[in-house]
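Input: a single structure, listed below in structure tokens.
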Amino acid sequence: MEDKNSEAINQLNKRKTLRKSIKQIYFEYCSNTSIHGIQYFGERRPSIEKLFWLCVFLASIYCCSNLIHCVYVKWNETPVIVSFSEKSTPVWSIPFPAITICSETKRVPREGFSYGKFLQDLQEHVETRRHFQAKNLSRVELEELRTLLHICNPQLIKQGTPNLSSDLIDYFSVLERIQPEFNRYFYFCKWFSHFGECDELFTRTYTNEGICFTFNGLNATDLYREDTVQHQRTVSHNTSKYNIILKRPFKWSLQNGFSLDSGIKTYPARVLGAGSRAGFFIALQSFRQEVDYACRGPIQGFKVSLHSPDDVPQVSNQFVRIPMGKEVVIAVKPNMITTSSGIAEYPPQRRQCFLENERRLRFFKVYTQSNCVLECLTNLTLAKCGCVKFSMPRTLEMPICAENKIFCYDRAEDILLMREFRQGLKEFPLNYLGTTECNCLPACTSLVYNTEISHGNFDLEDMLKATANTSFYEDFPGSQMSRLSVYFKEHQFITSKRSELYGITDFLANCGGIFGLFMGFSILSLVELLYHISLRLWSNMRHLTPS
């Protein structure tokens, strides 16, 4: 019985000691703390004064909380700013734009072989639902006409178009067979010390416009992954063996630029300055008797796309027209965005861009927003149509769409735009581009070529009459000459730079300033509070506890 009473007394003494220690710590802390207003709670003052200081203290906490929340929102939603760089950049530090040229003449017309008549019969078949018969056409001719359905005006192909044959087509081979002769259409080129034929400067490119030719673009082996048809076809056919630019070592990336030992002759090529003398010049030629208005409509000539060397050209979406009998001059103004090292710590959705090798593409070795969108379109087309267009990046296992799927893959692009719009609209209140299925944010380092275009008449016939040159039209009957000049407008340009607007240091500094302004609070104030409720309390209890 005595043991139980003794234990109860000990417990009671411990509780008294703890209460006494806490009370002592409370008054010590109130009298010694650096936080404003706390000292009044430890003094023997009237209750009305303590209530006043309690209200002031709570109001300060409320103001601090609101302001810190605003600071946090700013830090979380706008950590990156795009501003002008501190110094100008010379044009020789970036590659000259890649130039992709597509002739509107897709094949040389032949007697008794009319694409217009074939298309008309096919459309009547779809409307009347009668059986379609390709009369008086050989297998080769039918292959060519089926191929032209994909590149002439695919938007005119109606839903319900049948598959005209069960035979599979190598569309690339058919296009190579029917395309006009390169040296007749690409008549003359000038680039640095090269004056003459263009076949040493251009590489064949397979686009949604058919076969086009690209100057200064990356070789397919450097752009596409090894298991893609585009990569394998380039290797097997050695399509770039004559190109003098592609024979040079590859020492460039968009994020890091040219290596220091690149020299003047680089791949991709660059220029030494601005002006037409340092630019690219080409004379293009088309022929009246070879124009097929049923295929490409009333606007003839050439389409030209200027793009970054590591972009796959999308000639149908972004192009400049070179009409027949015209001279077109394109002055280029680069728009480049670089990246500071500080923003690499942020996730892509916060900085709104992808760093190099941060976003892996299935078909491409190089990430750009344009390549990403093309890959996303390919994936969507495969999901919706069960096949892809022959010009899309693909592997050998992926089926190619025949003519009965033209309507499907042509509408797939509209479906993609609408899907991205709707998904992006959900995130619009967040003030930045949210995650979509494509997830095609811009590359953190990007290069776009803005253009200023002027044109004039190219009166070749009058010039030949004035120089008494009568042999030209004998060699090239029906010729209509056009000329294209591309050059940088200025020797330097101002780049933009993505940099950290509001980092963790700025966030902590702002929070510290707000706490200090309203409450006099600092890191040492926090240490002081922890010290009083732990080490100081334990020490006081030891001294008050009877031995």
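Chain labels A, B, ... are given in the sequence in which chains occur in the structure tokens; within each chain residues are numbered consecutively from 1, and ligands are likewise numbered from 1 in the order shown.
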Q.
Please list as a ChimeraX atom specification every residue within 8 Å of Asn208 (chain A), counting only C-alpha atoms and excluding residues in the same chain fewer than 6 positions away.
A. /A:151,314-316,391-392
What residues in region 149-247 of chain A get the DSSP label strand (DSSP E or B)? Please answer as an mmCIF file with N, CA, C and O atoms, in the first residue's frame.
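Output contents, as saved in selection_8.cif:
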data_model
loop_
_atom_site.group_PDB
_atom_site.id
_atom_site.type_symbol
_atom_site.label_atom_id
_atom_site.label_comp_id
_atom_site.auth_asym_id
_atom_site.auth_seq_id
_atom_site.Cartn_x
_atom_site.Cartn_y
_atom_site.Cartn_z
ATOM 1 N N PHE A 186 15.999 21.597 -112.181
ATOM 2 C CA PHE A 186 16.956 22.317 -111.333
ATOM 3 C C PHE A 186 18.148 22.665 -112.228
ATOM 4 O O PHE A 186 19.117 21.916 -112.323
ATOM 5 N N TYR A 187 18.042 23.818 -112.868
ATOM 6 C CA TYR A 187 18.899 24.116 -114.015
ATOM 7 C C TYR A 187 20.306 24.551 -113.622
ATOM 8 O O TYR A 187 21.286 24.118 -114.213
ATOM 9 N N PHE A 188 20.410 25.422 -112.607
ATOM 10 C CA PHE A 188 21.725 26.001 -112.285
ATOM 11 C C PHE A 188 21.738 26.415 -110.819
ATOM 12 O O PHE A 188 20.747 26.932 -110.300
ATOM 13 N N CYS A 189 22.872 26.197 -110.130
ATOM 14 C CA CYS A 189 22.999 26.554 -108.720
ATOM 15 C C CYS A 189 24.300 27.295 -108.455
ATOM 16 O O CYS A 189 25.317 27.057 -109.132
ATOM 17 N N LYS A 190 24.252 28.167 -107.465
ATOM 18 C CA LYS A 190 25.465 28.838 -106.983
ATOM 19 C C LYS A 190 25.498 28.770 -105.468
ATOM 20 O O LYS A 190 24.545 29.163 -104.788
ATOM 21 N N TRP A 191 26.588 28.252 -104.950
ATOM 22 C CA TRP A 191 26.798 28.168 -103.502
ATOM 23 C C TRP A 191 28.296 28.176 -103.232
ATOM 24 O O TRP A 191 29.015 27.280 -103.665
ATOM 25 N N HIS A 194 30.794 26.857 -105.808
ATOM 26 C CA HIS A 194 30.129 25.921 -106.714
ATOM 27 C C HIS A 194 29.225 26.694 -107.666
ATOM 28 O O HIS A 194 28.248 27.321 -107.256
ATOM 29 N N PHE A 195 29.562 26.646 -108.950
ATOM 30 C CA PHE A 195 28.728 27.229 -109.995
ATOM 31 C C PHE A 195 28.439 26.113 -111.000
ATOM 32 O O PHE A 195 29.359 25.597 -111.636
ATOM 33 N N GLY A 196 27.185 25.745 -111.148
ATOM 34 C CA GLY A 196 26.892 24.710 -112.129
ATOM 35 C C GLY A 196 25.689 23.886 -111.758
ATOM 36 O O GLY A 196 24.723 24.390 -111.169
ATOM 37 N N PHE A 202 21.902 18.920 -103.696
ATOM 38 C CA PHE A 202 20.565 18.518 -103.267
ATOM 39 C C PHE A 202 20.500 17.015 -103.012
ATOM 40 O O PHE A 202 21.202 16.232 -103.652
ATOM 41 N N THR A 203 19.619 16.653 -102.085
ATOM 42 C CA THR A 203 19.353 15.256 -101.756
ATOM 43 C C THR A 203 17.864 14.986 -101.914
ATOM 44 O O THR A 203 17.034 15.818 -101.545
ATOM 45 N N ARG A 204 17.534 13.831 -102.471
ATOM 46 C CA ARG A 204 16.132 13.454 -102.648
ATOM 47 C C ARG A 204 15.470 13.273 -101.282
ATOM 48 O O ARG A 204 16.001 12.633 -100.387
ATOM 49 N N THR A 205 14.267 13.858 -101.132
ATOM 50 C CA THR A 205 13.502 13.793 -99.891
ATOM 51 C C THR A 205 12.092 13.325 -100.205
ATOM 52 O O THR A 205 11.459 13.834 -101.129
ATOM 53 N N TYR A 206 11.596 12.380 -99.422
ATOM 54 C CA TYR A 206 10.236 11.875 -99.619
ATOM 55 C C TYR A 206 9.299 12.606 -98.659
ATOM 56 O O TYR A 206 9.412 12.481 -97.440
ATOM 57 N N THR A 207 8.388 13.385 -99.219
ATOM 58 C CA THR A 207 7.469 14.187 -98.424
ATOM 59 C C THR A 207 6.036 13.836 -98.799
ATOM 60 O O THR A 207 5.793 13.028 -99.709
ATOM 61 N N GLY A 210 5.207 14.180 -102.401
ATOM 62 C CA GLY A 210 5.928 13.304 -103.329
ATOM 63 C C GLY A 210 7.418 13.465 -103.151
ATOM 64 O O GLY A 210 7.909 13.743 -102.052
ATOM 65 N N ILE A 211 8.163 13.321 -104.233
ATOM 66 C CA ILE A 211 9.613 13.482 -104.166
ATOM 67 C C ILE A 211 9.959 14.957 -104.291
ATOM 68 O O ILE A 211 9.585 15.631 -105.255
ATOM 69 N N CYS A 212 10.665 15.464 -103.304
ATOM 70 C CA CYS A 212 11.206 16.817 -103.323
ATOM 71 C C CYS A 212 12.720 16.720 -103.163
ATOM 72 O O CYS A 212 13.266 15.629 -102.991
ATOM 73 N N PHE A 213 13.377 17.873 -103.194
ATOM 74 C CA PHE A 213 14.835 17.885 -103.095
ATOM 75 C C PHE A 213 15.244 18.937 -102.073
ATOM 76 O O PHE A 213 14.748 20.065 -102.090
ATOM 77 N N THR A 214 16.146 18.530 -101.177
ATOM 78 C CA THR A 214 16.526 19.369 -100.046
ATOM 79 C C THR A 214 17.998 19.736 -100.114
ATOM 80 O O THR A 214 18.854 18.884 -100.318
ATOM 81 N N PHE A 215 18.241 21.011 -99.920
ATOM 82 C CA PHE A 215 19.603 21.542 -99.791
ATOM 83 C C PHE A 215 19.888 21.826 -98.318
ATOM 84 O O PHE A 215 19.096 22.478 -97.638
ATOM 85 N N TYR A 224 16.733 9.965 -88.928
ATOM 86 C CA TYR A 224 15.812 8.878 -88.592
ATOM 87 C C TYR A 224 16.537 7.765 -87.844
ATOM 88 O O TYR A 224 17.752 7.567 -88.005
ATOM 89 N N THR A 228 13.788 2.545 -89.228
ATOM 90 C CA THR A 228 12.790 3.188 -90.078
ATOM 91 C C THR A 228 13.078 2.915 -91.547
ATOM 92 O O THR A 228 14.229 2.681 -91.942
#
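Among the candidates A:Val329, A:Leu145, A:Ile25, A:Cys55, the one nearest to Ala283 (chain A) when counting only C-alpha atoms is A:Val329.
CA of Ile299 (chain A) is found 19.0 Å from CA of Asp459 (chain A).
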Q. In region 355-420 of chain A, what's helix (DSSP H, G or I) per DSSP? Answer as number ranges by chain?
A. A: 369-385, 403-420
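Comparing the minimum interatomic distances between Asn183 (chain A) and each of A:Tyr293, A:Phe476, A:Met418, A:Leu142, counting only C-alpha atoms, we find that A:Phe476 sits nearest.
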Q) Can you tell me how far CA of Ile514 (chain A) sits from CA of Ile61 (chain A), in Å to one decimal? A) 10.2 Å
**Q.** d(CA of Pro323 (chain A), CA of Leu464 (chain A)) in Å
**A.** 19.8 Å
(Q) My list of candidates is A:Arg184, A:Arg360, A:Lys265, A:Arg394. Which is closest to Asp475 (chain A) when distances are computed with only C-alpha atoms? (A) A:Arg184
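Considering the residues A:Gly456, A:Pro442, A:Pro477, A:Gly273 and counting only C-alpha atoms, Arg359 (chain A) has its shortest atom-to-atom contact with A:Pro442.
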Q.
At a cut-off of 9 Å, using only C-alpha atoms, what residues contact Asn439 (chain A)? Leave out same-chain residues fewer than 4 positions from it and give the result as a VMD selection string.
A. chain A and resid 372 to 373 376 434 to 435
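Nearest-residue note for Pro268 (chain A): choosing from A:Asn256, A:Gln120, A:Ser308, A:Ser85, the minimum distance belongs to A:Ser308, counting only C-alpha atoms.
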Q | Within 12 Å of Leu441 (chain A) using only C-alpha atoms, minus same-chain residues under 5 positions, as a PyMOL selection string | A | chain A and resi 348-355+358-359+367-373+420+424+432-436+446
Selection above as a file: N, CA, C and O atoms, as an mmCIF file, in the first residue's frame:
data_model
loop_
_atom_site.group_PDB
_atom_site.id
_atom_site.type_symbol
_atom_site.label_atom_id
_atom_site.label_comp_id
_atom_site.auth_asym_id
_atom_site.auth_seq_id
_atom_site.Cartn_x
_atom_site.Cartn_y
_atom_site.Cartn_z
ATOM 1 N N PRO A 348 9.860 19.549 -67.388
ATOM 2 C CA PRO A 348 9.500 20.157 -68.680
ATOM 3 C C PRO A 348 8.199 20.956 -68.648
ATOM 4 O O PRO A 348 8.109 22.011 -69.282
ATOM 5 N N GLN A 349 7.180 20.490 -67.914
ATOM 6 C CA GLN A 349 5.908 21.201 -67.913
ATOM 7 C C GLN A 349 6.016 22.561 -67.241
ATOM 8 O O GLN A 349 5.253 23.472 -67.563
ATOM 9 N N ARG A 350 6.950 22.706 -66.321
ATOM 10 C CA ARG A 350 7.117 24.005 -65.667
ATOM 11 C C ARG A 350 7.924 24.954 -66.533
ATOM 12 O O ARG A 350 7.614 26.137 -66.605
ATOM 13 N N ARG A 351 8.972 24.438 -67.195
ATOM 14 C CA ARG A 351 9.761 25.328 -68.050
ATOM 15 C C ARG A 351 9.202 25.423 -69.463
ATOM 16 O O ARG A 351 9.643 26.228 -70.262
ATOM 17 N N GLN A 352 8.219 24.556 -69.798
ATOM 18 C CA GLN A 352 7.517 24.583 -71.089
ATOM 19 C C GLN A 352 8.430 24.312 -72.284
ATOM 20 O O GLN A 352 8.290 24.928 -73.353
ATOM 21 N N CYS A 353 9.366 23.391 -72.115
ATOM 22 C CA CYS A 353 10.223 22.986 -73.234
ATOM 23 C C CYS A 353 10.964 21.720 -72.843
ATOM 24 O O CYS A 353 11.056 21.365 -71.656
ATOM 25 N N PHE A 354 11.512 21.035 -73.860
ATOM 26 C CA PHE A 354 12.295 19.825 -73.636
ATOM 27 C C PHE A 354 13.762 20.101 -73.946
ATOM 28 O O PHE A 354 14.089 20.714 -74.977
ATOM 29 N N LEU A 355 14.625 19.634 -73.061
ATOM 30 C CA LEU A 355 16.059 19.687 -73.317
ATOM 31 C C LEU A 355 16.454 18.571 -74.283
ATOM 32 O O LEU A 355 15.699 17.631 -74.528
ATOM 33 N N GLU A 358 15.892 14.694 -73.710
ATOM 34 C CA GLU A 358 14.938 14.554 -72.611
ATOM 35 C C GLU A 358 13.640 13.906 -73.069
ATOM 36 O O GLU A 358 12.964 13.238 -72.297
ATOM 37 N N ARG A 359 13.281 14.090 -74.319
ATOM 38 C CA ARG A 359 12.057 13.512 -74.884
ATOM 39 C C ARG A 359 12.466 12.638 -76.062
ATOM 40 O O ARG A 359 12.905 13.138 -77.100
ATOM 41 N N TYR A 367 15.119 15.488 -81.495
ATOM 42 C CA TYR A 367 13.816 16.026 -81.078
ATOM 43 C C TYR A 367 13.679 17.466 -81.538
ATOM 44 O O TYR A 367 14.503 18.326 -81.223
ATOM 45 N N THR A 368 12.627 17.744 -82.280
ATOM 46 C CA THR A 368 12.138 19.093 -82.513
ATOM 47 C C THR A 368 10.616 19.033 -82.402
ATOM 48 O O THR A 368 10.019 17.955 -82.517
ATOM 49 N N GLN A 369 10.007 20.160 -82.186
ATOM 50 C CA GLN A 369 8.550 20.157 -82.062
ATOM 51 C C GLN A 369 7.890 19.688 -83.347
ATOM 52 O O GLN A 369 6.904 18.946 -83.326
ATOM 53 N N SER A 370 8.442 20.088 -84.497
ATOM 54 C CA SER A 370 7.883 19.681 -85.780
ATOM 55 C C SER A 370 7.970 18.174 -85.971
ATOM 56 O O SER A 370 7.006 17.527 -86.402
ATOM 57 N N ASN A 371 9.131 17.581 -85.638
ATOM 58 C CA ASN A 371 9.286 16.131 -85.764
ATOM 59 C C ASN A 371 8.351 15.392 -84.815
ATOM 60 O O ASN A 371 7.798 14.336 -85.154
ATOM 61 N N CYS A 372 8.162 15.939 -83.632
ATOM 62 C CA CYS A 372 7.279 15.312 -82.648
ATOM 63 C C CYS A 372 5.829 15.302 -83.133
ATOM 64 O O CYS A 372 5.134 14.290 -83.013
ATOM 65 N N VAL A 373 5.380 16.418 -83.704
ATOM 66 C CA VAL A 373 4.004 16.497 -84.209
ATOM 67 C C VAL A 373 3.806 15.523 -85.366
ATOM 68 O O VAL A 373 2.766 14.854 -85.467
ATOM 69 N N GLU A 420 -5.844 18.042 -79.892
ATOM 70 C CA GLU A 420 -4.865 18.846 -79.164
ATOM 71 C C GLU A 420 -5.481 20.137 -78.643
ATOM 72 O O GLU A 420 -5.163 20.602 -77.549
ATOM 73 N N GLY A 424 -5.675 20.910 -74.738
ATOM 74 C CA GLY A 424 -4.985 22.118 -74.306
ATOM 75 C C GLY A 424 -5.910 23.119 -73.657
ATOM 76 O O GLY A 424 -5.523 23.865 -72.749
ATOM 77 N N TYR A 432 -0.290 28.062 -68.927
ATOM 78 C CA TYR A 432 0.781 27.416 -69.688
ATOM 79 C C TYR A 432 0.198 26.199 -70.399
ATOM 80 O O TYR A 432 -0.894 25.743 -70.091
ATOM 81 N N LEU A 433 0.945 25.700 -71.377
ATOM 82 C CA LEU A 433 0.480 24.574 -72.173
ATOM 83 C C LEU A 433 0.505 23.308 -71.336
ATOM 84 O O LEU A 433 1.554 22.892 -70.850
ATOM 85 N N GLY A 434 -0.657 22.714 -71.147
ATOM 86 C CA GLY A 434 -0.744 21.504 -70.347
ATOM 87 C C GLY A 434 -0.341 20.267 -71.139
ATOM 88 O O GLY A 434 -0.048 20.325 -72.330
ATOM 89 N N THR A 435 -0.336 19.146 -70.474
ATOM 90 C CA THR A 435 0.051 17.888 -71.097
ATOM 91 C C THR A 435 -1.053 17.392 -72.025
ATOM 92 O O THR A 435 -2.215 17.316 -71.632
ATOM 93 N N THR A 436 -0.692 17.072 -73.251
ATOM 94 C CA THR A 436 -1.614 16.476 -74.211
ATOM 95 C C THR A 436 -1.078 15.105 -74.600
ATOM 96 O O THR A 436 0.018 14.713 -74.183
ATOM 97 N N SER A 446 15.765 26.315 -79.901
ATOM 98 C CA SER A 446 15.052 26.198 -81.173
ATOM 99 C C SER A 446 15.545 27.258 -82.147
ATOM 100 O O SER A 446 16.060 28.308 -81.746
#
